[in-house]
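For reference, entry.tsv is printed below; it contains TSV, C-alpha atoms.
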```tsv
chain	number	residue	atom	x	y	z
A	1169	MET	CA	93.40	105.75	92.72
A	1170	THR	CA	96.38	107.45	94.35
A	1171	PRO	CA	99.34	105.07	94.18
A	1172	VAL	CA	100.62	103.86	97.55
A	1173	LEU	CA	104.37	103.28	97.86
A	1174	ALA	CA	105.62	101.57	101.00
A	1175	PHE	CA	109.39	101.74	101.26
A	1176	ASP	CA	112.33	100.69	103.41
A	1177	ILE	CA	116.08	101.14	103.21
A	1178	GLU	CA	119.09	99.24	104.50
A	1179	THR	CA	122.32	101.00	105.32
A	1180	VAL	CA	125.93	100.42	106.31
A	1181	PRO	CA	128.57	102.81	107.66
A	1182	ASP	CA	129.91	105.32	105.13
A	1183	PRO	CA	133.70	104.69	105.12
A	1184	ALA	CA	134.49	107.64	102.83
A	1185	GLY	CA	132.63	110.09	105.02
A	1186	LEU	CA	134.06	108.61	108.22
A	1187	ARG	CA	137.60	108.94	106.89
A	1188	LYS	CA	137.01	112.64	106.29
A	1189	LEU	CA	135.41	113.20	109.69
A	1190	GLN	CA	138.09	111.30	111.59
A	1191	GLY	CA	141.10	112.28	109.48
A	1192	LEU	CA	141.89	108.67	108.57
A	1193	SER	CA	144.15	107.41	105.80
A	1194	SER	CA	142.54	106.26	102.55
A	1195	ALA	CA	144.67	103.11	102.90
A	1196	LEU	CA	142.77	102.02	106.02
A	1197	PRO	CA	140.33	99.21	105.12
A	1198	ASP	CA	136.62	99.98	105.26
A	1199	ALA	CA	136.04	97.37	107.96
A	1200	GLU	CA	138.62	98.99	110.22
A	1201	VAL	CA	137.17	102.45	109.62
A	1202	ALA	CA	133.75	101.15	110.63
A	1203	ARG	CA	135.14	99.34	113.67
A	1204	MET	CA	136.72	102.56	114.91
A	1205	ALA	CA	133.50	104.49	114.30
A	1206	PHE	CA	131.46	101.92	116.23
A	1207	GLN	CA	133.91	102.04	119.12
A	1208	LEU	CA	133.85	105.84	119.31
A	1209	ARG	CA	130.05	105.82	119.18
A	1210	ARG	CA	129.80	103.28	122.01
A	1211	GLN	CA	132.13	105.37	124.13
A	1212	ALA	CA	130.07	108.49	123.48
A	1213	VAL	CA	126.49	107.22	123.83
A	1214	GLY	CA	126.61	103.59	124.97
A	1215	HIS	CA	125.63	101.97	121.65
A	1216	ASP	CA	127.16	101.70	118.18
A	1217	PHE	CA	124.25	102.94	116.02
A	1218	LEU	CA	125.88	105.71	114.00
A	1219	PRO	CA	124.38	109.19	113.45
A	1220	LEU	CA	122.13	109.38	110.40
A	1221	HIS	CA	124.55	111.36	108.24
A	1222	GLN	CA	127.17	108.61	108.62
A	1223	HIS	CA	125.07	105.93	106.94
A	1224	ARG	CA	125.39	104.73	103.36
A	1225	VAL	CA	122.36	103.29	101.54
A	1226	VAL	CA	122.88	99.80	100.08
A	1227	ALA	CA	119.26	98.75	99.45
A	1228	VAL	CA	115.94	100.46	98.81
A	1229	SER	CA	112.87	98.21	98.62
A	1230	CYS	CA	109.37	99.25	97.59
A	1231	ALA	CA	105.84	97.87	97.59
A	1232	LEU	CA	103.63	99.68	95.09
A	1233	ARG	CA	99.85	99.45	94.90
A	1234	ASP	CA	98.33	101.28	91.97
A	1235	ARG	CA	95.53	100.74	89.47
A	1236	ASP	CA	97.63	98.11	87.68
A	1237	GLY	CA	97.96	95.92	90.76
A	1238	PHE	CA	100.57	95.26	93.44
A	1239	ARG	CA	104.28	94.62	93.19
A	1240	VAL	CA	107.27	94.52	95.52
A	1241	TRP	CA	110.92	94.80	94.52
A	1242	SER	CA	114.30	96.33	95.30
A	1243	LEU	CA	115.38	99.31	93.26
A	1244	GLY	CA	118.15	98.92	90.73
A	1245	GLU	CA	120.68	96.11	90.49
A	1246	PRO	CA	122.95	94.88	93.30
A	1247	HIS	CA	126.02	96.41	91.64
A	1248	GLU	CA	124.52	99.89	91.15
A	1249	SER	CA	125.97	102.82	93.06
A	1250	GLU	CA	124.34	104.48	96.02
A	1251	ALA	CA	123.74	107.61	93.94
A	1252	GLN	CA	121.80	105.56	91.38
A	1253	LEU	CA	119.66	103.87	94.04
A	1254	VAL	CA	118.78	107.15	95.73
A	1255	GLN	CA	118.02	108.84	92.41
A	1256	ARG	CA	115.75	105.92	91.43
A	1257	PHE	CA	113.75	106.37	94.64
A	1258	PHE	CA	113.13	110.06	94.05
A	1259	ASP	CA	112.48	109.46	90.34
A	1260	GLY	CA	109.62	107.18	91.39
A	1261	ILE	CA	108.09	109.99	93.42
A	1262	GLU	CA	108.55	112.33	90.45
A	1263	LYS	CA	106.71	109.87	88.21
A	1264	PHE	CA	103.85	108.65	90.43
A	1265	THR	CA	103.43	111.27	93.23
A	1266	PRO	CA	102.42	108.38	95.52
A	1267	GLN	CA	101.37	108.35	99.11
A	1268	LEU	CA	104.52	107.18	100.87
A	1269	VAL	CA	104.15	104.66	103.69
A	1270	SER	CA	106.94	103.69	106.06
A	1271	TRP	CA	107.76	102.36	109.48
A	1272	ASN	CA	109.96	104.96	111.21
A	1273	GLY	CA	110.60	106.57	107.83
A	1274	GLY	CA	110.43	110.02	109.37
A	1275	GLY	CA	112.98	109.11	112.02
A	1276	PHE	CA	115.44	107.17	109.88
A	1277	ASP	CA	114.82	106.30	106.22
A	1278	LEU	CA	113.93	109.72	104.85
A	1279	PRO	CA	116.57	111.72	106.77
A	1280	VAL	CA	119.23	109.28	105.56
A	1281	LEU	CA	117.94	109.60	101.99
A	1282	HIS	CA	118.01	113.39	102.36
A	1283	TYR	CA	121.66	113.43	103.41
A	1284	ARG	CA	122.72	110.98	100.70
A	1285	ALA	CA	120.78	112.85	98.02
A	1286	LEU	CA	122.50	116.05	99.11
A	1287	LEU	CA	125.89	114.33	99.00
A	1288	HIS	CA	125.37	112.90	95.51
A	1289	GLY	CA	123.59	115.87	93.93
A	1290	VAL	CA	120.37	113.90	93.43
A	1291	ARG	CA	117.43	115.83	91.95
A	1292	ALA	CA	114.10	115.45	93.80
A	1293	ALA	CA	111.91	118.42	92.88
A	1294	ARG	CA	108.53	116.73	93.36
A	1295	TYR	CA	109.50	115.34	96.74
A	1296	TRP	CA	110.59	118.76	98.00
A	1297	GLU	CA	107.51	120.56	96.65
A	1298	TRP	CA	106.04	122.74	99.44
A	1299	GLY	CA	103.29	124.47	97.48
A	1300	GLU	CA	105.15	127.10	95.48
A	1301	ASP	CA	104.40	125.41	92.15
A	1302	ASP	CA	101.59	123.04	93.16
A	1303	ARG	CA	99.05	124.48	95.59
A	1304	GLU	CA	97.92	120.98	96.62
A	1305	PHE	CA	101.26	120.54	98.36
A	1306	ARG	CA	100.86	123.62	100.53
A	1307	TYR	CA	98.85	121.77	103.14
A	1308	ASN	CA	99.85	118.20	102.32
A	1309	ASN	CA	103.46	117.58	101.39
A	1310	TYR	CA	106.06	114.88	101.97
A	1311	ILE	CA	108.04	116.83	104.55
A	1312	SER	CA	105.58	117.86	107.26
A	1313	ARG	CA	105.31	115.36	110.09
A	1314	TYR	CA	101.55	115.81	110.35
A	1315	HIS	CA	100.68	115.53	106.64
A	1316	ASN	CA	99.66	112.19	105.17
A	1317	ARG	CA	101.46	112.37	101.82
A	1318	HIS	CA	104.11	110.53	103.82
A	1319	LEU	CA	102.51	108.27	106.41
A	1320	ASP	CA	104.96	107.05	109.03
A	1321	LEU	CA	102.91	104.31	110.63
A	1322	MET	CA	105.14	103.95	113.67
A	1323	ASP	CA	104.87	107.65	114.43
A	1324	LEU	CA	101.14	107.92	113.79
A	1325	LEU	CA	100.02	104.77	115.62
A	1326	GLY	CA	102.10	105.67	118.67
A	1327	LEU	CA	101.08	109.35	118.52
A	1328	TYR	CA	104.75	110.33	118.28
A	1329	GLN	CA	105.50	108.92	121.74
A	1330	GLY	CA	108.26	106.40	121.09
A	1331	ARG	CA	109.73	103.64	118.97
A	1332	VAL	CA	107.95	100.30	118.44
A	1333	PRO	CA	109.88	97.62	116.51
A	1334	LEU	CA	108.31	96.65	113.20
A	1335	ASP	CA	109.19	93.01	113.83
A	1336	GLU	CA	107.25	92.84	117.09
A	1337	LEU	CA	104.07	94.52	115.87
A	1338	ALA	CA	104.10	92.52	112.64
A	1339	GLN	CA	104.28	89.24	114.55
A	1340	MET	CA	101.48	90.34	116.88
A	1341	LEU	CA	99.31	90.89	113.79
A	1342	GLY	CA	100.04	87.43	112.40
A	1343	LEU	CA	102.68	88.61	109.93
A	1344	PRO	CA	106.10	86.96	109.68
A	1345	GLY	CA	108.18	89.95	110.79
A	1346	LYS	CA	111.89	89.82	110.07
A	1347	ILE	CA	113.04	87.27	107.49
A	1348	GLY	CA	116.63	86.08	107.16
A	1349	MET	CA	118.41	88.57	109.42
A	1350	HIS	CA	118.06	91.60	111.67
A	1351	GLY	CA	119.25	95.14	111.09
A	1352	ALA	CA	122.34	94.70	113.26
A	1353	ALA	CA	123.55	91.94	110.91
A	1354	VAL	CA	123.43	94.02	107.72
A	1355	TRP	CA	126.99	95.34	108.00
A	1356	GLU	CA	128.39	91.85	108.56
A	1357	ALA	CA	126.39	90.51	105.61
A	1358	PHE	CA	127.54	93.40	103.42
A	1359	CYS	CA	131.20	92.77	104.27
A	1360	ALA	CA	130.70	89.13	103.31
A	1361	GLY	CA	129.26	90.09	99.91
A	1362	GLY	CA	125.70	89.27	100.88
A	1363	ILE	CA	123.95	92.14	99.11
A	1364	GLU	CA	121.25	89.84	97.70
A	1365	ALA	CA	120.39	88.61	101.20
A	1366	ILE	CA	120.21	92.23	102.37
A	1367	ARG	CA	117.84	93.11	99.52
A	1368	HIS	CA	115.63	90.12	100.35
A	1369	TYR	CA	115.54	91.14	104.01
A	1370	CYS	CA	114.59	94.68	103.02
A	1371	GLU	CA	111.84	93.42	100.71
A	1372	ALA	CA	110.32	91.36	103.52
A	1373	ASP	CA	110.33	94.42	105.77
A	1374	VAL	CA	108.51	96.50	103.17
A	1375	ALA	CA	105.91	93.75	102.68
A	1376	ASN	CA	105.31	93.71	106.44
A	1377	THR	CA	104.94	97.49	106.38
A	1378	TYR	CA	102.44	97.44	103.54
A	1379	LEU	CA	100.32	94.77	105.24
A	1380	ILE	CA	100.27	96.79	108.46
A	1381	PHE	CA	99.11	99.74	106.34
A	1382	LEU	CA	96.22	97.64	105.03
A	1383	ARG	CA	95.26	96.77	108.61
A	1384	PHE	CA	95.40	100.48	109.45
A	1385	GLN	CA	93.12	101.25	106.49
A	1386	LEU	CA	90.65	98.69	107.82
A	1387	MET	CA	90.81	100.21	111.30
A	1388	ARG	CA	90.13	103.75	110.10
A	1389	GLY	CA	87.33	102.72	107.74
A	1390	ALA	CA	89.08	103.31	104.43
A	1391	LEU	CA	88.64	99.58	103.71
A	1392	ASP	CA	85.73	97.37	104.73
A	1393	GLU	CA	86.20	93.71	105.64
A	1394	ALA	CA	85.70	92.50	102.08
A	1395	GLY	CA	88.04	95.12	100.66
A	1396	TYR	CA	90.71	94.34	103.25
A	1397	ALA	CA	90.49	90.61	102.53
A	1398	ALA	CA	90.73	91.25	98.77
A	1399	GLU	CA	93.82	93.44	99.20
A	1400	CYS	CA	95.50	90.82	101.40
A	1401	ASP	CA	94.68	88.15	98.83
A	1402	LEU	CA	96.24	90.31	96.12
A	1403	VAL	CA	99.45	90.59	98.13
A	1404	ARG	CA	99.50	86.88	98.91
A	1405	GLU	CA	98.92	85.90	95.28
A	1406	THR	CA	101.60	88.32	94.09
A	1407	LEU	CA	104.20	87.04	96.55
A	1408	ALA	CA	103.40	83.42	95.68
A	1409	ARG	CA	104.41	84.13	92.06
A	1410	LEU	CA	107.74	85.73	92.95
A	1411	PRO	CA	111.00	83.77	92.92
A	1412	GLY	CA	113.13	83.57	96.04
A	1413	ALA	CA	113.09	81.43	99.17
A	1414	HIS	CA	112.48	84.52	101.29
A	1415	TRP	CA	109.00	84.88	99.82
A	1416	GLN	CA	108.11	81.29	100.61
A	1417	ALA	CA	109.37	81.85	104.16
A	1418	PHE	CA	107.27	85.02	104.33
A	1419	LEU	CA	104.11	83.24	103.20
A	1420	ASP	CA	104.77	80.33	105.57
A	1421	GLY	CA	104.99	82.80	108.46
A	1422	TRP	CA	101.87	84.78	107.52
A	1423	THR	CA	98.81	83.55	109.41
A	1424	ARG	CA	95.28	84.71	108.66
```

Any chance you could put this one into structure tokens?
Amino acid sequence: MTPVLAFDIETVPDPAGLRKLQGLSSALPDAEVARMAFQLRRQAVGHDFLPLHQHRVVAVSCALRDRDGFRVWSLGEPHESEAQLVQRFFDGIEKFTPQLVSWNGGGFDLPVLHYRALLHGVRAARYWEWGEDDREFRYNNYISRYHNRHLDLMDLLGLYQGRVPLDELAQMLGLPGKIGMHGAAVWEAFCAGGIEAIRHYCEADVANTYLIFLRFQLMRGALDEAGYAAECDLVRETLARLPGAHWQAFLDGWTR
């Protein structure tokens, strides 16, 4: 079977990049640099969500389904650098050549990973394969919006018409949705040293995404009712064995 890798990232403002762009002193604290960037963004566009190239990746979570089973985890260790996290993500693609599954990955996660990989000199040859060395990638690669080697569920389900929050659709399908925090709280949690809580939040998001993918596979006929139920049971049994209060909260919020 082709491995399926659902993924999600969490980000914070990139103080080093913002200092360069705004000509700020290296002595200015990161929190103040971010505050100024948020204020400038609100003045320019009415909200403080920064442009994609101004984000720094602090967590990458994955849910992998392959012939060996199902697992969900966050890449690397909490203390590892951004460069290491981004390299780990692309190393996984190099190793498994999975079908990638995301929620708004084409609009956010992958572009951010592209910029950060470029910044850190990360190698990602398999990901950027367009068919020069592997003919199978000519008409199905990770980059084209309309190829399924990367399946952005939000884009595909909405026929590229607009943004639907993962949290809302997950809850409508009987899934728990967001666990522990929301995206707007990640920067505050990061400043408070809450990287573990951020990783747990990201893991819950990727579990929601994978379960929506299973529902999509049922809808399009790739899974029958029995197969869908078996895959959901596999996820449930896997999560029940994992440590962490966030997984118990996830299972408590998942209705069948």

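If you measure from each of A:Leu1286, A:Leu1407, A:Ala1398, A:Leu1327 to Tyr1314 of chain A using only C-alpha atoms, the closest one turns out to be A:Leu1327.
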
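Across A:Pro1344, A:Gly1275, A:Gly1412, A:Pro1219, the tightest approach to Val1374 of chain A is made by A:Pro1344 when counting only C-alpha atoms.
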
Protein, DNA and RNA residues within 8 Å of (96.0, 102.8, 98.7), all atoms listed in the file, as a short mmCIF file (atom, residue, chain, number, x, y, z; two decimals) with C-alpha atoms, in the frame of the given file:
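File written: point03.cif
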```
data_model
loop_
_atom_site.label_atom_id
_atom_site.label_comp_id
_atom_site.auth_asym_id
_atom_site.auth_seq_id
_atom_site.Cartn_x
_atom_site.Cartn_y
_atom_site.Cartn_z
CA MET A 1169 93.40 105.75 92.72
CA THR A 1170 96.38 107.45 94.35
CA PRO A 1171 99.34 105.07 94.18
CA VAL A 1172 100.62 103.86 97.55
CA ARG A 1233 99.85 99.45 94.90
CA ASP A 1234 98.33 101.28 91.97
CA GLN A 1267 101.37 108.35 99.11
#
```

Revision key, fill the gap. Across A:Trp1422, A:Tyr1369, A:Tyr1295, A:Phe1206, the smallest distance to Gly1260 of chain A, with all atoms listed in the file counted, is shown by A:Tyr1295

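Atom CA of Asp1335 of chain A sits 10.4 Å away from atom CA of Trp1271 of chain A.
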
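If you measure from each of A:Glu1364, A:Asp1301, A:Glu1200, A:Asp1320 to Tyr1378 of chain A using all atoms listed in the file, the closest one turns out to be A:Asp1320.
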
Exercise for review: For atom CA of Gly1237 of chain A and atom CA of Tyr1310 of chain A, quote the distance in Å rounded to one decimal.
Suggested key: 23.5 Å

Check your understanding: Around (133.2, 106.8, 102.2) in the file's frame, which residues reach within 12 Å when counting all atoms listed in the file? Return as a ChimeraX atom specification?
Key -> /A:1180-1190,1192-1194,1196-1199,1201-1202,1221-1225,1250,1284,1287-1288

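The space separating atom CA of Arg1256 of chain A from atom CA of Arg1291 of chain A comes to 10.1 Å.
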
Using the file's own x, y and z axes, what box holds all listed atoms of segment 1352-1365 of chain A with 8 Å on each side, keeping edges along x, y and z, and what are its centre and edge lengths in Å to one decimal, as JSON?
```
{"center_x": 125.8, "center_y": 92.0, "center_z": 105.5, "size_x": 26.8, "size_y": 22.7, "size_z": 31.6}
```
